[in-house]
Structure formats: structure tokens, C-alpha cells
$ cat final_19.pdb   # PDB, C-alpha atoms, pLDDT in the B column
ATOM      1  CA  MET F   1      -3.575  15.096  18.165  1.00 36.00           C
ATOM      2  CA  LYS F   2      -5.266  14.861  14.765  1.00 43.00           C
ATOM      3  CA  ARG F   3      -4.424  11.178  14.507  1.00 42.00           C
ATOM      4  CA  ARG F   4      -5.929  10.430  17.922  1.00 39.00           C
ATOM      5  CA  TRP F   5      -9.295  11.624  16.656  1.00 41.00           C
ATOM      6  CA  GLY F   6      -8.780   9.675  13.444  1.00 49.00           C
ATOM      7  CA  ARG F   7      -8.149   6.510  15.476  1.00 43.00           C
ATOM      8  CA  VAL F   8     -11.245   7.047  17.606  1.00 45.00           C
ATOM      9  CA  ALA F   9     -13.291   7.598  14.449  1.00 52.00           C
ATOM     10  CA  LEU F  10     -11.754   4.534  12.825  1.00 55.00           C
ATOM     11  CA  MET F  11     -12.591   2.365  15.821  1.00 49.00           C
ATOM     12  CA  GLY F  12     -16.051   3.935  15.996  1.00 52.00           C
ATOM     13  CA  CYS F  13     -16.707   3.186  12.338  1.00 53.00           C
ATOM     14  CA  LEU F  14     -15.542  -0.378  12.809  1.00 52.00           C
ATOM     15  CA  ALA F  15     -17.665  -0.756  15.928  1.00 47.00           C
ATOM     16  CA  ALA F  16     -20.665   0.685  14.110  1.00 46.00           C
ATOM     17  CA  PHE F  17     -20.324  -1.937  11.430  1.00 46.00           C
ATOM     18  CA  LEU F  18     -19.510  -4.940  13.604  1.00 43.00           C
ATOM     19  CA  ALA F  19     -21.780  -4.300  16.606  1.00 38.00           C
ATOM     20  CA  PRO F  20     -25.514  -3.587  16.669  1.00 34.00           C
ATOM     21  CA  ALA F  21     -25.273  -0.769  19.221  1.00 30.00           C
ATOM     22  CA  PRO F  22     -21.740   0.563  19.601  1.00 31.00           C
ATOM     23  CA  ALA F  23     -20.641   2.387  22.700  1.00 28.00           C
ATOM     24  CA  LEU F  24     -18.110   5.008  21.754  1.00 29.00           C
ATOM     25  CA  SER F  25     -15.921   6.539  24.373  1.00 27.00           C
ATOM     26  CA  LEU F  26     -14.394   9.931  23.905  1.00 26.00           C
ATOM     27  CA  PRO F  27     -11.044  11.010  25.232  1.00 27.00           C
ATOM     28  CA  THR F  28     -11.521  12.775  28.547  1.00 26.00           C
ATOM     29  CA  SER F  29     -10.636  16.202  27.222  1.00 29.00           C
ATOM     30  CA  PRO F  30     -11.197  16.654  23.490  1.00 34.00           C
ATOM     31  CA  THR F  31      -8.602  18.857  21.912  1.00 39.00           C
ATOM     32  CA  PRO F  32      -9.775  21.028  19.026  1.00 49.00           C
ATOM     33  CA  PRO F  33      -7.960  20.868  15.708  1.00 49.00           C
ATOM     34  CA  GLU F  34      -4.809  22.899  15.307  1.00 49.00           C
ATOM     35  CA  GLN F  35      -5.551  26.514  16.055  1.00 48.00           C
ATOM     36  CA  THR F  36      -5.038  28.617  12.968  1.00 45.00           C
ATOM     37  CA  SER F  37      -6.220  32.089  12.188  1.00 45.00           C
ATOM     38  CA  ALA F  38      -7.502  30.984   8.782  1.00 61.00           C
ATOM     39  CA  ARG F  39      -9.524  27.889   9.674  1.00 79.00           C
ATOM     40  CA  SER F  40     -12.333  27.524   7.164  1.00 91.00           C
ATOM     41  CA  PRO F  41     -16.034  27.302   7.962  1.00 94.00           C
ATOM     42  CA  ALA F  42     -16.049  23.867   6.276  1.00 95.00           C
ATOM     43  CA  SER F  43     -13.396  22.591   8.691  1.00 95.00           C
ATOM     44  CA  GLU F  44     -15.420  23.965  11.615  1.00 96.00           C
ATOM     45  CA  PHE F  45     -18.559  22.103  10.500  1.00 97.00           C
ATOM     46  CA  ASN F  46     -16.452  18.999   9.855  1.00 96.00           C
ATOM     47  CA  TRP F  47     -15.058  19.246  13.389  1.00 96.00           C
ATOM     48  CA  GLN F  48     -18.498  19.664  14.928  1.00 96.00           C
ATOM     49  CA  GLY F  49     -19.878  16.792  12.871  1.00 96.00           C
ATOM     50  CA  SER F  50     -16.971  14.575  13.918  1.00 93.00           C
ATOM     51  CA  LEU F  51     -17.650  15.301  17.577  1.00 95.00           C
ATOM     52  CA  LYS F  52     -21.340  14.501  17.186  1.00 96.00           C
ATOM     53  CA  LEU F  53     -20.489  11.239  15.444  1.00 93.00           C
ATOM     54  CA  LEU F  54     -18.104  10.267  18.219  1.00 92.00           C
ATOM     55  CA  ARG F  55     -20.760  11.106  20.803  1.00 94.00           C
ATOM     56  CA  GLY F  56     -23.169   8.715  19.102  1.00 94.00           C
ATOM     57  CA  ASP F  57     -25.425  11.144  17.245  1.00 96.00           C
ATOM     58  CA  PRO F  58     -24.945  10.326  13.561  1.00 96.00           C
ATOM     59  CA  VAL F  59     -28.067  12.214  12.448  1.00 96.00           C
ATOM     60  CA  ALA F  60     -26.831  15.496  13.941  1.00 97.00           C
ATOM     61  CA  ALA F  61     -23.346  14.734  12.612  1.00 97.00           C
ATOM     62  CA  LEU F  62     -24.762  14.292   9.127  1.00 97.00           C
ATOM     63  CA  ALA F  63     -26.292  17.780   9.159  1.00 97.00           C
ATOM     64  CA  ASP F  64     -22.942  19.369  10.045  1.00 97.00           C
ATOM     65  CA  LEU F  65     -21.028  17.285   7.516  1.00 97.00           C
ATOM     66  CA  ASP F  66     -23.550  18.106   4.792  1.00 98.00           C
ATOM     67  CA  ARG F  67     -22.956  21.780   5.577  1.00 97.00           C
ATOM     68  CA  ALA F  68     -19.171  21.299   5.438  1.00 97.00           C
ATOM     69  CA  VAL F  69     -19.425  19.703   1.986  1.00 98.00           C
ATOM     70  CA  GLU F  70     -21.809  22.437   0.849  1.00 98.00           C
ATOM     71  CA  LEU F  71     -19.376  25.143   1.968  1.00 97.00           C
ATOM     72  CA  ASP F  72     -16.335  23.475   0.405  1.00 97.00           C
ATOM     73  CA  PRO F  73     -16.967  20.634  -2.050  1.00 97.00           C
ATOM     74  CA  THR F  74     -13.198  20.022  -2.235  1.00 97.00           C
ATOM     75  CA  TYR F  75     -12.701  19.390   1.507  1.00 97.00           C
ATOM     76  CA  ALA F  76     -11.884  15.659   1.577  1.00 97.00           C
ATOM     77  CA  PRO F  77     -12.021  15.122   5.390  1.00 96.00           C
ATOM     78  CA  ALA F  78     -15.722  16.038   5.421  1.00 97.00           C
ATOM     79  CA  TYR F  79     -16.433  13.359   2.820  1.00 98.00           C
ATOM     80  CA  VAL F  80     -14.504  10.795   4.877  1.00 97.00           C
ATOM     81  CA  ASN F  81     -16.452  11.622   8.030  1.00 96.00           C
ATOM     82  CA  ARG F  82     -19.751  11.698   6.187  1.00 97.00           C
ATOM     83  CA  SER F  83     -18.877   8.291   4.749  1.00 97.00           C
ATOM     84  CA  TYR F  84     -18.388   7.032   8.324  1.00 96.00           C
ATOM     85  CA  VAL F  85     -21.828   8.408   9.219  1.00 97.00           C
ATOM     86  CA  TYR F  86     -23.482   6.733   6.248  1.00 97.00           C
ATOM     87  CA  ASN F  87     -21.818   3.443   7.191  1.00 96.00           C
ATOM     88  CA  GLN F  88     -23.131   3.795  10.709  1.00 95.00           C
ATOM     89  CA  LEU F  89     -26.611   4.554   9.382  1.00 96.00           C
ATOM     90  CA  ARG F  90     -26.372   1.446   7.164  1.00 97.00           C
ATOM     91  CA  GLN F  91     -26.464   3.423   3.926  1.00 97.00           C
ATOM     92  CA  PRO F  92     -23.507   1.772   2.172  1.00 98.00           C
ATOM     93  CA  GLN F  93     -24.148   3.206  -1.297  1.00 98.00           C
ATOM     94  CA  LYS F  94     -23.900   6.751   0.061  1.00 98.00           C
ATOM     95  CA  ALA F  95     -20.915   5.784   2.234  1.00 98.00           C
ATOM     96  CA  LEU F  96     -19.150   4.355  -0.783  1.00 98.00           C
ATOM     97  CA  ALA F  97     -19.849   7.450  -2.891  1.00 98.00           C
ATOM     98  CA  ASP F  98     -18.412   9.746  -0.220  1.00 98.00           C
ATOM     99  CA  ALA F  99     -15.366   7.521   0.335  1.00 98.00           C
ATOM    100  CA  GLU F 100     -14.723   7.528  -3.424  1.00 98.00           C
ATOM    101  CA  ARG F 101     -15.059  11.319  -3.566  1.00 98.00           C
ATOM    102  CA  ALA F 102     -12.609  11.732  -0.670  1.00 98.00           C
ATOM    103  CA  ILE F 103     -10.116   9.433  -2.393  1.00 98.00           C
ATOM    104  CA  GLN F 104     -10.530  11.374  -5.619  1.00 98.00           C
ATOM    105  CA  LEU F 105      -9.796  14.626  -3.778  1.00 98.00           C
ATOM    106  CA  ASP F 106      -6.947  13.246  -1.644  1.00 97.00           C
ATOM    107  CA  PRO F 107      -5.750   9.691  -2.324  1.00 97.00           C
ATOM    108  CA  GLY F 108      -3.491   9.795   0.740  1.00 95.00           C
ATOM    109  CA  ILE F 109      -6.216   9.574   3.404  1.00 94.00           C
ATOM    110  CA  PRO F 110      -6.199   5.993   4.727  1.00 94.00           C
ATOM    111  CA  GLU F 111      -9.491   6.448   6.601  1.00 94.00           C
ATOM    112  CA  ALA F 112     -11.245   6.970   3.241  1.00 96.00           C
ATOM    113  CA  TYR F 113     -10.087   3.536   2.083  1.00 96.00           C
ATOM    114  CA  PHE F 114     -11.153   2.040   5.408  1.00 94.00           C
ATOM    115  CA  SER F 115     -14.647   3.517   5.089  1.00 96.00           C
ATOM    116  CA  ARG F 116     -14.768   2.306   1.493  1.00 97.00           C
ATOM    117  CA  GLY F 117     -13.995  -1.190   2.784  1.00 95.00           C
ATOM    118  CA  VAL F 118     -16.746  -1.060   5.397  1.00 95.00           C
ATOM    119  CA  ALA F 119     -19.243   0.048   2.741  1.00 97.00           C
ATOM    120  CA  HIS F 120     -18.187  -2.814   0.475  1.00 97.00           C
ATOM    121  CA  LEU F 121     -18.629  -5.269   3.364  1.00 94.00           C
ATOM    122  CA  GLN F 122     -22.148  -3.977   3.972  1.00 96.00           C
ATOM    123  CA  LEU F 123     -22.873  -4.464   0.283  1.00 97.00           C
ATOM    124  CA  GLY F 124     -21.597  -8.044   0.443  1.00 96.00           C
ATOM    125  CA  GLU F 125     -18.586  -7.253  -1.743  1.00 96.00           C
ATOM    126  CA  ARG F 126     -15.893  -9.059   0.239  1.00 93.00           C
ATOM    127  CA  GLU F 127     -13.067  -8.902  -2.315  1.00 94.00           C
ATOM    128  CA  ALA F 128     -13.539  -5.174  -2.906  1.00 96.00           C
ATOM    129  CA  ALA F 129     -13.618  -4.645   0.869  1.00 94.00           C
ATOM    130  CA  MET F 130     -10.371  -6.564   1.349  1.00 92.00           C
ATOM    131  CA  ALA F 131      -8.691  -4.528  -1.395  1.00 94.00           C
ATOM    132  CA  ALA F 132      -9.804  -1.273   0.258  1.00 95.00           C
ATOM    133  CA  PHE F 133      -8.630  -2.450   3.694  1.00 93.00           C
ATOM    134  CA  ARG F 134      -5.247  -3.399   2.249  1.00 91.00           C
ATOM    135  CA  GLN F 135      -4.911   0.066   0.708  1.00 94.00           C
ATOM    136  CA  ALA F 136      -5.743   1.640   4.053  1.00 92.00           C
ATOM    137  CA  LEU F 137      -3.233  -0.636   5.776  1.00 90.00           C
ATOM    138  CA  ALA F 138      -0.489   0.351   3.331  1.00 90.00           C
ATOM    139  CA  LEU F 139      -1.174   4.055   3.875  1.00 91.00           C
ATOM    140  CA  PHE F 140      -1.275   3.677   7.666  1.00 86.00           C
ATOM    141  CA  SER F 141       2.020   1.809   7.452  1.00 84.00           C
ATOM    142  CA  GLN F 142       3.632   4.506   5.289  1.00 87.00           C
ATOM    143  CA  SER F 143       2.563   7.211   7.705  1.00 79.00           C
ATOM    144  CA  GLY F 144       3.907   5.358  10.735  1.00 78.00           C
ATOM    145  CA  ASN F 145       0.407   5.145  12.201  1.00 71.00           C
ATOM    146  CA  PHE F 146       0.992   1.852  13.962  1.00 72.00           C
ATOM    147  CA  ALA F 147      -2.130   1.967  16.136  1.00 76.00           C
ATOM    148  CA  ASP F 148      -4.528   2.094  13.184  1.00 74.00           C
ATOM    149  CA  GLN F 149      -2.307  -0.345  11.322  1.00 73.00           C
ATOM    150  CA  ALA F 150      -2.697  -2.827  14.193  1.00 80.00           C
ATOM    151  CA  ILE F 151      -6.491  -2.327  14.282  1.00 79.00           C
ATOM    152  CA  LEU F 152      -6.727  -3.014  10.570  1.00 77.00           C
ATOM    153  CA  GLN F 153      -4.449  -6.044  10.763  1.00 79.00           C
ATOM    154  CA  GLN F 154      -6.693  -7.456  13.507  1.00 83.00           C
ATOM    155  CA  LEU F 155      -9.764  -6.847  11.355  1.00 76.00           C
ATOM    156  CA  LEU F 156      -8.184  -8.628   8.407  1.00 78.00           C
ATOM    157  CA  ARG F 157      -7.286 -11.577  10.654  1.00 80.00           C
ATOM    158  CA  GLN F 158     -10.864 -11.735  11.948  1.00 80.00           C
ATOM    159  CA  LEU F 159     -12.108 -11.730   8.381  1.00 74.00           C
ATOM    160  CA  GLY F 160      -9.702 -14.596   7.636  1.00 73.00           C
ATOM    161  CA  VAL F 161      -7.531 -12.680   5.214  1.00 62.00           C
ATOM    162  CA  GLU F 162      -4.100 -12.041   6.736  1.00 56.00           C
TER     163      GLU F 162
END

$ encode --input "final_19.pdb" --output "C-alpha cells"
Amino acid sequence: MKRRWGRVALMGCLAAFLAPAPALSLPTSPTPPEQTSARSPASEFNWQGSLKLLRGDPVAALADLDRAVELDPTYAPAYVNRSYVYNQLRQPQKALADAERAIQLDPGIPEAYFSRGVAHLQLGEREAAMAAFRQALALFSQSGNFADQAILQQLLRQLGVE
């Protein structure tokens, strides 16, 4: 279930970059993250921020994601999601900084590399973007995440790379 939300966020981030006014569609019945008795407050704010981003409210999402990072500065998923928000808000420097921080904390999150690539594209840094997208593609491939792998391959084809 976690990957389904990652895919929706990935497509939403891509749509936010490629289209002037993206229309995001949510799954019909959102499923909360795995139920654990020790879920952290940072993960709760990250979850709420992710939902707000997917519903098309990046400003409200940003407030929740800021809180998640404040509560746990080592929680990489919050940096990834906040990077998506900054990309959507056309603030690529901030998006890039958060993607880099997420990668520093957990280099195995392919969505962080994807968001890094989108930020580089917004900054006009095509080669750096392609390198980041290739890293994301490799990680999606390693994880068996074929849906996101296919999305990224299509993006690279559209950009004239693969």
C-alpha cells in the first residue's frame, strides 16, 4: 500500500512540473500507513502533509511537512514529500535542498532522486536532472517497482534521453 501512495505522489510531482494546473486524483479509499503502536508524530504529520499535497493543497501540505521535519530532522520521507511540495510551488532551490537531505539520510529512496531531477529541470540543469532520473530508475528497478520504473522510462523518452 505504501508504494501506491508513492506512485500517486510521483505522478503528481511529475504532473506539477509538466502541466500548469495538474489535476490529481486520489484512490477512492485512502489507506493509512501501516498501523503500528509506535508511529511517531513526525510520520503522522508527514502522512497528513502527503494527503494534502495529493488533494492539491501544497501550502497546507508544507505546514504539516515543516512540522514533521521539526519533530524529527532525521525522518527522510518528510524531506522527500516537502521536496515534492517545493517543486510544485516552483521553488527548485528548496526542493533540491530537501531532496539532497533525504538522500543523505536514506540513499535508498528513489522518489528523492526523482524530486532532485525535477528540481534540476526547473533550474535548467538538464544533465544533472538526467543523472538523478537515472538513479531513481535504477532504484525503482532494484525494488521491483515496475510501475514507477515505467513512468520514469516514459519521462526519459519524452526528454529524448532513453

$ closest_residue --input "final_19.pdb" --among "F:Ala136, F:Ala147, F:Val85, F:Val69" --to "Leu54 in chain F" --atoms "all atoms listed in the file"
F:Val85

$ closest_residue --input "final_19.pdb" --among "F:Asp106, F:Leu51, F:Phe45, F:Leu89" --to "Thr74 in chain F" --atoms "all atoms listed in the file"
F:Asp106

$ closest_residue --input "final_19.pdb" --among "F:Ser83, F:Asn46, F:Ala60, F:Pro107" --to "His120 in chain F" --atoms "only C-alpha atoms"
F:Ser83

$ atom_distance --input "final_19.pdb" --atom1 "CA of Ala112 in chain F" --atom2 "CA of Ala99 in chain F"
5.1 Å

$ closest_residue --input "final_19.pdb" --among "F:Arg134, F:Arg67, F:Arg126, F:Arg55" --to "Arg82 in chain F" --atoms "all atoms listed in the file"
F:Arg67

$ closest_residue --input "final_19.pdb" --among "F:Leu137, F:Leu71, F:Leu105, F:Ala150" --to "Gly117 in chain F" --atoms "all atoms listed in the file"
F:Leu137

$ residues_near_point --input "final_19.pdb" --point "(-20.6, 10.1, 15.4)" --cutoff "10 Å" --atoms "only C-alpha atoms" --output "list in words"
Ala9, Gly12, Cys13, Ala16, Leu24, Gln48, Gly49, Ser50, Leu51, Lys52, Leu53, Leu54, Arg55, Gly56, Asp57, Pro58, Val59, Ala60, Ala61, Leu62, Asn81, Arg82, Tyr84, Val85 and Gln88 of chain F

$ closest_residue --input "final_19.pdb" --among "F:Gly124, F:Phe133, F:Leu65, F:Glu44" --to "Ile151 in chain F" --atoms "all atoms listed in the file"
F:Phe133

$ decode --input "final_19.pdb" --residues "range 105-118 of chain F" --atoms "all heavy atoms" --output "PDB file, in the first residue's frame"
ATOM      1  N   LEU F 105      20.124  11.195   4.282  1.00  0.00           N
ATOM      2  CA  LEU F 105      19.577  10.401   5.379  1.00  0.00           C
ATOM      3  C   LEU F 105      19.296   8.955   4.971  1.00  0.00           C
ATOM      4  O   LEU F 105      19.470   8.038   5.764  1.00  0.00           O
ATOM      5  CB  LEU F 105      18.288  11.036   5.906  1.00  0.00           C
ATOM      6  CG  LEU F 105      18.456  12.362   6.630  1.00  0.00           C
ATOM      7  CD1 LEU F 105      17.097  13.021   6.845  1.00  0.00           C
ATOM      8  CD2 LEU F 105      19.177  12.157   7.960  1.00  0.00           C
ATOM      9  N   ASP F 106      18.820   8.765   3.736  1.00  0.00           N
ATOM     10  CA  ASP F 106      18.478   7.427   3.253  1.00  0.00           C
ATOM     11  C   ASP F 106      18.678   7.375   1.738  1.00  0.00           C
ATOM     12  O   ASP F 106      17.775   7.724   0.978  1.00  0.00           O
ATOM     13  CB  ASP F 106      17.029   7.076   3.600  1.00  0.00           C
ATOM     14  CG  ASP F 106      16.653   5.662   3.214  1.00  0.00           C
ATOM     15  OD1 ASP F 106      17.442   4.973   2.525  1.00  0.00           O
ATOM     16  OD2 ASP F 106      15.552   5.228   3.601  1.00  0.00           O
ATOM     17  N   PRO F 107      19.850   6.931   1.296  1.00  0.00           N
ATOM     18  CA  PRO F 107      20.141   6.931  -0.142  1.00  0.00           C
ATOM     19  C   PRO F 107      19.345   5.908  -0.945  1.00  0.00           C
ATOM     20  O   PRO F 107      19.467   5.863  -2.169  1.00  0.00           O
ATOM     21  CB  PRO F 107      21.645   6.630  -0.204  1.00  0.00           C
ATOM     22  CG  PRO F 107      22.010   6.072   1.107  1.00  0.00           C
ATOM     23  CD  PRO F 107      20.991   6.537   2.105  1.00  0.00           C
ATOM     24  N   GLY F 108      18.494   5.146  -0.300  1.00  0.00           N
ATOM     25  CA  GLY F 108      17.712   4.125  -0.996  1.00  0.00           C
ATOM     26  C   GLY F 108      16.305   4.541  -1.372  1.00  0.00           C
ATOM     27  O   GLY F 108      15.512   3.707  -1.797  1.00  0.00           O
ATOM     28  N   ILE F 109      15.963   5.812  -1.246  1.00  0.00           N
ATOM     29  CA  ILE F 109      14.611   6.277  -1.568  1.00  0.00           C
ATOM     30  C   ILE F 109      14.608   6.823  -2.998  1.00  0.00           C
ATOM     31  O   ILE F 109      15.080   7.936  -3.247  1.00  0.00           O
ATOM     32  CB  ILE F 109      14.127   7.371  -0.595  1.00  0.00           C
ATOM     33  CG1 ILE F 109      14.125   6.867   0.839  1.00  0.00           C
ATOM     34  CG2 ILE F 109      12.736   7.855  -0.986  1.00  0.00           C
ATOM     35  CD1 ILE F 109      13.741   7.914   1.873  1.00  0.00           C
ATOM     36  N   PRO F 110      14.067   6.079  -3.953  1.00  0.00           N
ATOM     37  CA  PRO F 110      14.109   6.536  -5.343  1.00  0.00           C
ATOM     38  C   PRO F 110      13.340   7.828  -5.587  1.00  0.00           C
ATOM     39  O   PRO F 110      13.732   8.637  -6.442  1.00  0.00           O
ATOM     40  CB  PRO F 110      13.499   5.374  -6.131  1.00  0.00           C
ATOM     41  CG  PRO F 110      12.794   4.525  -5.144  1.00  0.00           C
ATOM     42  CD  PRO F 110      13.428   4.778  -3.812  1.00  0.00           C
ATOM     43  N   GLU F 111      12.276   8.066  -4.832  1.00  0.00           N
ATOM     44  CA  GLU F 111      11.490   9.292  -5.015  1.00  0.00           C
ATOM     45  C   GLU F 111      12.319  10.545  -4.715  1.00  0.00           C
ATOM     46  O   GLU F 111      12.064  11.608  -5.284  1.00  0.00           O
ATOM     47  CB  GLU F 111      10.239   9.263  -4.132  1.00  0.00           C
ATOM     48  CG  GLU F 111       9.222   8.229  -4.537  1.00  0.00           C
ATOM     49  CD  GLU F 111       9.458   6.838  -3.932  1.00  0.00           C
ATOM     50  OE1 GLU F 111      10.463   6.634  -3.219  1.00  0.00           O
ATOM     51  OE2 GLU F 111       8.626   5.954  -4.191  1.00  0.00           O
ATOM     52  N   ALA F 112      13.312  10.432  -3.833  1.00  0.00           N
ATOM     53  CA  ALA F 112      14.182  11.572  -3.537  1.00  0.00           C
ATOM     54  C   ALA F 112      15.002  11.943  -4.768  1.00  0.00           C
ATOM     55  O   ALA F 112      15.176  13.121  -5.086  1.00  0.00           O
ATOM     56  CB  ALA F 112      15.092  11.254  -2.359  1.00  0.00           C
ATOM     57  N   TYR F 113      15.496  10.937  -5.481  1.00  0.00           N
ATOM     58  CA  TYR F 113      16.267  11.190  -6.697  1.00  0.00           C
ATOM     59  C   TYR F 113      15.362  11.766  -7.788  1.00  0.00           C
ATOM     60  O   TYR F 113      15.774  12.639  -8.547  1.00  0.00           O
ATOM     61  CB  TYR F 113      16.941   9.916  -7.192  1.00  0.00           C
ATOM     62  CG  TYR F 113      17.990   9.410  -6.228  1.00  0.00           C
ATOM     63  CD1 TYR F 113      17.672   8.474  -5.257  1.00  0.00           C
ATOM     64  CD2 TYR F 113      19.299   9.886  -6.280  1.00  0.00           C
ATOM     65  CE1 TYR F 113      18.624   8.009  -4.364  1.00  0.00           C
ATOM     66  CE2 TYR F 113      20.261   9.433  -5.387  1.00  0.00           C
ATOM     67  CZ  TYR F 113      19.916   8.489  -4.424  1.00  0.00           C
ATOM     68  OH  TYR F 113      20.862   8.045  -3.544  1.00  0.00           O
ATOM     69  N   PHE F 114      14.128  11.260  -7.846  1.00  0.00           N
ATOM     70  CA  PHE F 114      13.178  11.794  -8.824  1.00  0.00           C
ATOM     71  C   PHE F 114      12.922  13.274  -8.556  1.00  0.00           C
ATOM     72  O   PHE F 114      12.977  14.107  -9.467  1.00  0.00           O
ATOM     73  CB  PHE F 114      11.867  11.010  -8.790  1.00  0.00           C
ATOM     74  CG  PHE F 114      10.842  11.589  -9.714  1.00  0.00           C
ATOM     75  CD1 PHE F 114      10.867  11.306 -11.064  1.00  0.00           C
ATOM     76  CD2 PHE F 114       9.870  12.453  -9.236  1.00  0.00           C
ATOM     77  CE1 PHE F 114       9.940  11.869 -11.932  1.00  0.00           C
ATOM     78  CE2 PHE F 114       8.940  13.015 -10.091  1.00  0.00           C
ATOM     79  CZ  PHE F 114       8.979  12.722 -11.439  1.00  0.00           C
ATOM     80  N   SER F 115      12.654  13.625  -7.305  1.00  0.00           N
ATOM     81  CA  SER F 115      12.385  15.022  -6.970  1.00  0.00           C
ATOM     82  C   SER F 115      13.618  15.884  -7.220  1.00  0.00           C
ATOM     83  O   SER F 115      13.505  17.025  -7.671  1.00  0.00           O
ATOM     84  CB  SER F 115      11.925  15.137  -5.516  1.00  0.00           C
ATOM     85  OG  SER F 115      11.378  16.408  -5.275  1.00  0.00           O
ATOM     86  N   ARG F 116      14.789  15.323  -6.960  1.00  0.00           N
ATOM     87  CA  ARG F 116      16.034  16.025  -7.274  1.00  0.00           C
ATOM     88  C   ARG F 116      16.088  16.327  -8.776  1.00  0.00           C
ATOM     89  O   ARG F 116      16.440  17.430  -9.184  1.00  0.00           O
ATOM     90  CB  ARG F 116      17.230  15.169  -6.867  1.00  0.00           C
ATOM     91  CG  ARG F 116      18.571  15.794  -7.253  1.00  0.00           C
ATOM     92  CD  ARG F 116      19.649  14.756  -7.344  1.00  0.00           C
ATOM     93  NE  ARG F 116      20.371  14.578  -6.105  1.00  0.00           N
ATOM     94  CZ  ARG F 116      21.347  13.674  -5.959  1.00  0.00           C
ATOM     95  NH1 ARG F 116      21.673  12.855  -6.939  1.00  0.00           N
ATOM     96  NH2 ARG F 116      21.992  13.566  -4.833  1.00  0.00           N
ATOM     97  N   GLY F 117      15.713  15.348  -9.589  1.00  0.00           N
ATOM     98  CA  GLY F 117      15.714  15.545 -11.036  1.00  0.00           C
ATOM     99  C   GLY F 117      14.754  16.627 -11.478  1.00  0.00           C
ATOM    100  O   GLY F 117      15.085  17.455 -12.341  1.00  0.00           O
ATOM    101  N   VAL F 118      13.560  16.653 -10.905  1.00  0.00           N
ATOM    102  CA  VAL F 118      12.583  17.680 -11.253  1.00  0.00           C
ATOM    103  C   VAL F 118      13.116  19.062 -10.882  1.00  0.00           C
ATOM    104  O   VAL F 118      12.999  20.014 -11.658  1.00  0.00           O
ATOM    105  CB  VAL F 118      11.218  17.405 -10.581  1.00  0.00           C
ATOM    106  CG1 VAL F 118      10.260  18.573 -10.777  1.00  0.00           C
ATOM    107  CG2 VAL F 118      10.604  16.119 -11.126  1.00  0.00           C
TER     108      VAL F 118
END
